[in-house]
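One file, protein-v5.cif, carrying mmCIF, C-alpha atoms and all ligand atoms:
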data_target
loop_
_atom_site.label_atom_id
_atom_site.label_comp_id
_atom_site.auth_asym_id
_atom_site.auth_seq_id
_atom_site.Cartn_x
_atom_site.Cartn_y
_atom_site.Cartn_z
CA MET A 1 61.72 94.57 166.41
CA SER A 2 61.36 94.00 162.68
CA LEU A 3 57.91 93.33 161.23
CA PRO A 4 56.95 89.95 159.74
CA ILE A 5 57.56 89.92 155.98
CA ILE A 6 54.98 88.89 153.39
CA LEU A 7 56.62 88.16 150.06
CA VAL A 8 54.39 89.07 147.10
CA LEU A 9 55.69 87.39 143.94
CA ASN A 10 54.64 88.23 140.40
CA GLY A 11 55.51 86.28 137.28
CA PRO A 12 55.98 87.08 133.59
CA ASN A 13 54.19 89.91 131.81
CA LEU A 14 52.62 91.25 135.00
CA ASN A 15 54.97 94.23 134.64
CA MET A 16 52.79 95.13 131.63
CA LEU A 17 49.54 95.38 133.60
CA GLY A 18 47.59 98.45 132.60
CA LEU A 19 48.68 98.02 128.97
CA ARG A 20 48.15 94.30 128.72
CA GLU A 21 44.69 93.05 127.64
CA PRO A 22 42.80 95.51 129.87
CA GLU A 23 39.52 93.79 128.99
CA ILE A 24 40.87 90.75 130.90
CA TYR A 25 43.24 92.26 133.47
CA GLY A 26 41.73 95.70 134.03
CA HIS A 27 43.50 99.04 134.15
CA ALA A 28 45.46 98.78 137.42
CA LYS A 29 49.24 98.84 136.93
CA LEU A 30 51.53 96.59 138.94
CA SER A 31 52.69 99.69 140.84
CA ASP A 32 49.04 100.33 141.84
CA ILE A 33 48.79 96.74 143.12
CA GLU A 34 52.06 97.17 145.02
CA PHE A 35 50.66 100.32 146.64
CA MET A 36 47.48 98.45 147.65
CA CYS A 37 49.53 95.63 149.18
CA ARG A 38 51.74 98.08 151.08
CA GLU A 39 48.65 99.88 152.40
CA VAL A 40 47.05 96.70 153.75
CA GLY A 41 50.45 95.57 155.05
CA GLU A 42 50.81 98.79 157.01
CA THR A 43 47.34 98.32 158.53
CA LEU A 44 48.20 94.77 159.56
CA GLY A 45 51.72 95.57 160.80
CA LEU A 46 53.50 93.65 158.03
CA ASP A 47 56.45 94.40 155.83
CA ILE A 48 55.60 93.77 152.14
CA ASP A 49 58.41 92.52 149.90
CA PHE A 50 56.90 93.01 146.42
CA LYS A 51 58.71 91.55 143.40
CA GLN A 52 58.14 90.81 139.72
CA THR A 53 60.23 88.81 137.25
CA ASN A 54 59.87 87.50 133.71
CA HIS A 55 62.36 84.70 134.46
CA GLU A 56 61.51 81.33 135.95
CA GLY A 57 64.94 80.74 137.54
CA ILE A 58 64.87 84.12 139.25
CA MET A 59 61.47 83.24 140.72
CA VAL A 60 62.95 79.95 141.98
CA ASP A 61 65.91 81.84 143.54
CA TRP A 62 63.56 84.27 145.32
CA ILE A 63 61.45 81.42 146.69
CA GLN A 64 64.55 79.60 147.97
CA GLU A 65 65.79 82.79 149.62
CA ALA A 66 62.40 83.18 151.33
CA ARG A 67 62.96 80.03 153.40
CA GLY A 68 63.06 81.05 157.06
CA ARG A 69 62.98 84.74 156.11
CA VAL A 70 59.31 85.42 155.39
CA ALA A 71 56.10 84.83 157.32
CA GLY A 72 54.03 84.13 154.22
CA VAL A 73 53.92 84.23 150.44
CA VAL A 74 51.37 85.62 148.00
CA ILE A 75 52.08 84.42 144.48
CA ASN A 76 50.74 85.19 141.04
CA ALA A 77 53.09 83.07 138.96
CA ALA A 78 51.23 84.20 135.81
CA ALA A 79 51.93 81.83 132.87
CA TYR A 80 54.40 79.80 134.97
CA THR A 81 51.41 78.73 137.05
CA HIS A 82 50.46 76.36 134.26
CA THR A 83 53.93 75.06 133.37
CA SER A 84 56.49 75.29 136.14
CA VAL A 85 57.39 72.18 138.09
CA ALA A 86 60.49 74.13 139.21
CA ILE A 87 58.38 76.77 140.97
CA HIS A 88 56.16 74.04 142.44
CA ASP A 89 59.25 72.27 143.84
CA ALA A 90 60.71 75.52 145.20
CA LEU A 91 57.44 76.36 147.00
CA LYS A 92 57.54 72.92 148.63
CA LEU A 93 60.77 73.99 150.34
CA LEU A 94 58.80 76.60 152.27
CA GLU A 95 57.10 73.84 154.28
CA ASN A 96 55.01 75.54 157.00
CA THR A 97 55.01 79.00 155.43
CA PRO A 98 51.46 79.91 154.33
CA ILE A 99 51.12 80.43 150.57
CA ALA A 100 48.17 82.13 148.86
CA GLU A 101 47.68 81.92 145.08
CA VAL A 102 46.34 84.93 143.21
CA HIS A 103 45.13 85.44 139.66
CA ILE A 104 43.64 88.67 138.43
CA SER A 105 41.45 86.78 135.95
CA ASN A 106 39.88 83.37 136.51
CA PRO A 107 42.12 80.99 134.53
CA LYS A 108 39.62 78.13 134.89
CA GLU A 109 37.13 80.11 132.82
CA ARG A 110 39.66 80.72 130.04
CA GLU A 111 41.61 78.53 127.56
CA SER A 112 42.06 74.90 128.62
CA PHE A 113 45.87 75.33 128.86
CA ARG A 114 45.23 77.63 131.84
CA HIS A 115 43.14 75.10 133.73
CA VAL A 116 46.08 73.34 135.40
CA SER A 117 47.87 75.10 138.26
CA TYR A 118 51.12 73.75 139.69
CA ILE A 119 50.75 76.26 142.53
CA GLU A 120 47.25 75.22 143.58
CA PRO A 121 48.13 72.11 145.63
CA LEU A 122 50.66 74.08 147.71
CA ALA A 123 48.47 77.07 148.50
CA PHE A 124 46.01 77.11 151.41
CA ALA A 125 43.92 79.84 149.73
CA HIS A 126 43.17 80.90 146.16
CA PHE A 127 41.90 84.28 144.98
CA VAL A 128 40.96 84.22 141.32
CA GLY A 129 38.94 86.63 139.23
CA HIS A 130 38.86 89.41 141.85
CA GLY A 131 41.12 91.71 139.84
CA ALA A 132 43.74 93.70 141.76
CA GLN A 133 41.68 93.35 144.95
CA GLY A 134 42.59 89.65 145.01
CA TYR A 135 46.08 90.62 146.17
CA VAL A 136 44.69 92.52 149.15
CA MET A 137 42.47 89.56 150.02
CA ALA A 138 45.47 87.24 149.76
CA VAL A 139 47.69 89.41 152.01
CA GLU A 140 44.88 89.49 154.60
CA ALA A 141 44.38 85.72 154.38
CA VAL A 142 48.10 85.01 154.76
CA ALA A 143 48.31 87.41 157.71
CA GLU A 144 45.37 85.71 159.40
CA ARG A 145 46.82 82.28 158.77
CA PHE A 146 50.23 83.35 160.02
CA GLY A 147 48.66 84.87 163.13
CA LYS A 148 46.76 81.67 163.81
CA VAL A 149 49.79 79.48 163.25
CA ASN A 150 51.77 81.62 165.68
CA GLY A 151 48.94 81.65 168.18
CA ASP A 152 48.90 77.85 168.16
CA ARG A 153 52.53 77.59 169.22
C1 LIG A 201 47.17 85.35 135.33
C2 LIG A 201 46.49 84.23 134.55
C3 LIG A 201 47.51 83.43 133.74
O1 LIG A 201 46.86 82.41 133.00
C4 LIG A 201 48.23 84.33 132.76
O2 LIG A 201 49.23 83.62 132.07
C5 LIG A 201 48.76 85.56 133.39
C6 LIG A 201 47.98 86.25 134.40
C7 LIG A 201 46.16 86.25 136.07
O3 LIG A 201 46.59 86.96 136.96
O4 LIG A 201 44.97 86.23 135.76
O5 LIG A 201 49.82 86.05 133.00
O6 LIG A 201 48.03 84.78 136.29
#

As structure tokens, what does this structure read like?
Amino acid sequence: MSLPIILVLNGPNLNMLGLREPEIYGHAKLSDIEFMCREVGETLGLDIDFKQTNHEGIMVDWIQEARGRVAGVVINAAAYTHTSVAIHDALKLLENTPIAEVHISNPKERESFRHVSYIEPLAFAHFVGHGAQGYVMAVEAVAERFGKVNGDR
């Protein structure tokens, strides 16, 4: 039997982690974060589908394709967090699929244009300011939520 899939989505400029403003985002590269997610996924018996795009429409396509396919979503929409009604609307299509929001930094402690999140109302859990570890926490939280939801059926 195939393992439940957790989709880990990353938005624009996160492919530059490690080089990008290390004083804010730290030194971990996106490939390091992917490795961490795969490790925790293996421990929990989950398949991790880890993706990054710089393009809003591609993110929307991936979210639409996740409908009925994945057990949960971890999303760091990066700058689109603060602007994208399209990603908000796409996430709404996922209905009962648990969604966790991740940010490496804490956007609420930064410039005011980062204080709004269009993802926030659709996510049951938020991990901000925990660096790369926030992704691991989010995968664990989604797995727990998914397990509980299944257990309730
Ligand atoms: C970010 C925070 C966003 O405000 C920013 O645009 C990013 C990264 C984070 O992980 O801290 O690109 O999502």

Ligand LIG 201 (chain A): which residues are within 8 Å, counting all atoms listed in the file? Reply as a short mmCIF file (atom, residue, chain, number, x, y, z; two decimals) with C-alpha atoms, in the frame of the given file.
data_model
loop_
_atom_site.label_atom_id
_atom_site.label_comp_id
_atom_site.auth_asym_id
_atom_site.auth_seq_id
_atom_site.Cartn_x
_atom_site.Cartn_y
_atom_site.Cartn_z
CA GLY A 11 55.51 86.28 137.28
CA PRO A 12 55.98 87.08 133.59
CA ASN A 13 54.19 89.91 131.81
CA LEU A 14 52.62 91.25 135.00
CA ILE A 24 40.87 90.75 130.90
CA TYR A 25 43.24 92.26 133.47
CA ASN A 76 50.74 85.19 141.04
CA ALA A 77 53.09 83.07 138.96
CA ALA A 78 51.23 84.20 135.81
CA ALA A 79 51.93 81.83 132.87
CA TYR A 80 54.40 79.80 134.97
CA THR A 81 51.41 78.73 137.05
CA HIS A 82 50.46 76.36 134.26
CA VAL A 102 46.34 84.93 143.21
CA HIS A 103 45.13 85.44 139.66
CA ILE A 104 43.64 88.67 138.43
CA SER A 105 41.45 86.78 135.95
CA ASN A 106 39.88 83.37 136.51
CA PRO A 107 42.12 80.99 134.53
CA ARG A 110 39.66 80.72 130.04
CA ARG A 114 45.23 77.63 131.84
CA VAL A 128 40.96 84.22 141.32
CA GLY A 129 38.94 86.63 139.23
CA GLY A 131 41.12 91.71 139.84
#

| task | Within 9 Å of stretch 3-9 of chain A, counting only C-alpha atoms, which residues show up once you throw out same-chain ones fewer than 4 positions away? Write them as a PyMOL selection string, please. | result | chain A and resi 34+37+41+45-53+59+62-63+66+69-77+135+139+142-143

Leaving out stretch 90-98 of chain A and any residue of its chain fewer than 3 positions from it, which residues lie within 6 Å of it when counting only C-alpha atoms, given as a PDB file with C-alpha atoms, keeping the file's coordinate frame?
ATOM      1  CA  VAL A  60      62.950  79.950 141.980  1.00  0.00           C
ATOM      2  CA  ARG A  67      62.960  80.030 153.400  1.00  0.00           C
ATOM      3  CA  GLY A  72      54.030  84.130 154.220  1.00  0.00           C
ATOM      4  CA  ILE A  87      58.380  76.770 140.970  1.00  0.00           C
TER       5      ILE A  87
END

| said: Can you measure atom CA of A:Val136 to atom CA of A:Gly26 for me? One decimal in Å is fine. | reply: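 Spanning atom CA of A:Val136 to atom CA of A:Gly26 is a straight-line distance of 15.7 Å.
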
Given 5 Å of margin on each side, can you work out the centre and size in Å (one decimal) of an axis-aligned box holding every listed atom of stretch 95-113 of chain A, as lines of an AutoDock Vina configuration file?
center_x = 47.1
center_y = 81.3
center_z = 142.3
size_x = 30.0
size_y = 24.8
size_z = 39.4

| message | Calculated over all atoms listed in the file, which of the candidates A:Gln133, A:Phe127, A:Ala100, A:Arg145 has the smallest distance to A:Asp32? | response |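 Of all the options, A:Gln133 lies closest to A:Asp32.
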
| Suppose you want the space between atom CA of A:Ala132 and atom CA of A:Leu44; what is it in Å? |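 Atom-to-atom, atom CA of A:Ala132 and atom CA of A:Leu44 are spaced 18.4 Å apart.
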
| note | Pairwise distance, atom CA of A:Asp89 with atom CA of A:Ala125, equals 18.1 Å

Take stretch 83-97 of chain A, model N, CA and C atoms, and hand the result over as an mmCIF file, in the coordinates of the input.
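And here is the file that came out, selection23.cif:
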data_model
loop_
_atom_site.group_PDB
_atom_site.id
_atom_site.type_symbol
_atom_site.label_atom_id
_atom_site.label_comp_id
_atom_site.auth_asym_id
_atom_site.auth_seq_id
_atom_site.Cartn_x
_atom_site.Cartn_y
_atom_site.Cartn_z
ATOM 1 N N THR A 83 52.820 75.804 133.984
ATOM 2 C CA THR A 83 53.930 75.060 133.370
ATOM 3 C C THR A 83 55.047 74.664 134.325
ATOM 4 N N SER A 84 55.203 75.367 135.443
ATOM 5 C CA SER A 84 56.490 75.290 136.140
ATOM 6 C C SER A 84 56.531 74.289 137.304
ATOM 7 N N VAL A 85 57.114 73.148 137.020
ATOM 8 C CA VAL A 85 57.390 72.180 138.090
ATOM 9 C C VAL A 85 58.491 72.745 138.994
ATOM 10 N N ALA A 86 59.393 73.551 138.421
ATOM 11 C CA ALA A 86 60.490 74.130 139.210
ATOM 12 C C ALA A 86 59.960 75.070 140.300
ATOM 13 N N ILE A 87 58.962 75.860 139.962
ATOM 14 C CA ILE A 87 58.380 76.770 140.970
ATOM 15 C C ILE A 87 57.577 75.950 141.990
ATOM 16 N N HIS A 88 56.880 74.948 141.534
ATOM 17 C CA HIS A 88 56.160 74.040 142.440
ATOM 18 C C HIS A 88 57.151 73.443 143.454
ATOM 19 N N ASP A 89 58.267 72.911 142.954
ATOM 20 C CA ASP A 89 59.250 72.270 143.840
ATOM 21 C C ASP A 89 59.861 73.281 144.817
ATOM 22 N N ALA A 90 60.124 74.496 144.329
ATOM 23 C CA ALA A 90 60.710 75.520 145.200
ATOM 24 C C ALA A 90 59.719 75.877 146.322
ATOM 25 N N LEU A 91 58.448 76.011 145.980
ATOM 26 C CA LEU A 91 57.440 76.360 147.000
ATOM 27 C C LEU A 91 57.338 75.272 148.067
ATOM 28 N N LYS A 92 57.567 74.033 147.660
ATOM 29 C CA LYS A 92 57.540 72.920 148.630
ATOM 30 C C LYS A 92 58.587 73.078 149.714
ATOM 31 N N LEU A 93 59.698 73.760 149.367
ATOM 32 C CA LEU A 93 60.770 73.990 150.340
ATOM 33 C C LEU A 93 60.322 74.901 151.471
ATOM 34 N N LEU A 94 59.233 75.624 151.253
ATOM 35 C CA LEU A 94 58.800 76.600 152.270
ATOM 36 C C LEU A 94 58.030 75.932 153.408
ATOM 37 N N GLU A 95 57.726 74.659 153.230
ATOM 38 C CA GLU A 95 57.100 73.840 154.280
ATOM 39 C C GLU A 95 55.950 74.528 154.993
ATOM 40 N N ASN A 96 56.151 75.025 156.222
ATOM 41 C CA ASN A 96 55.010 75.540 157.000
ATOM 42 C C ASN A 96 54.663 77.004 156.720
ATOM 43 N N THR A 97 55.294 77.604 155.749
ATOM 44 C CA THR A 97 55.010 79.000 155.430
ATOM 45 C C THR A 97 53.712 79.076 154.618
#
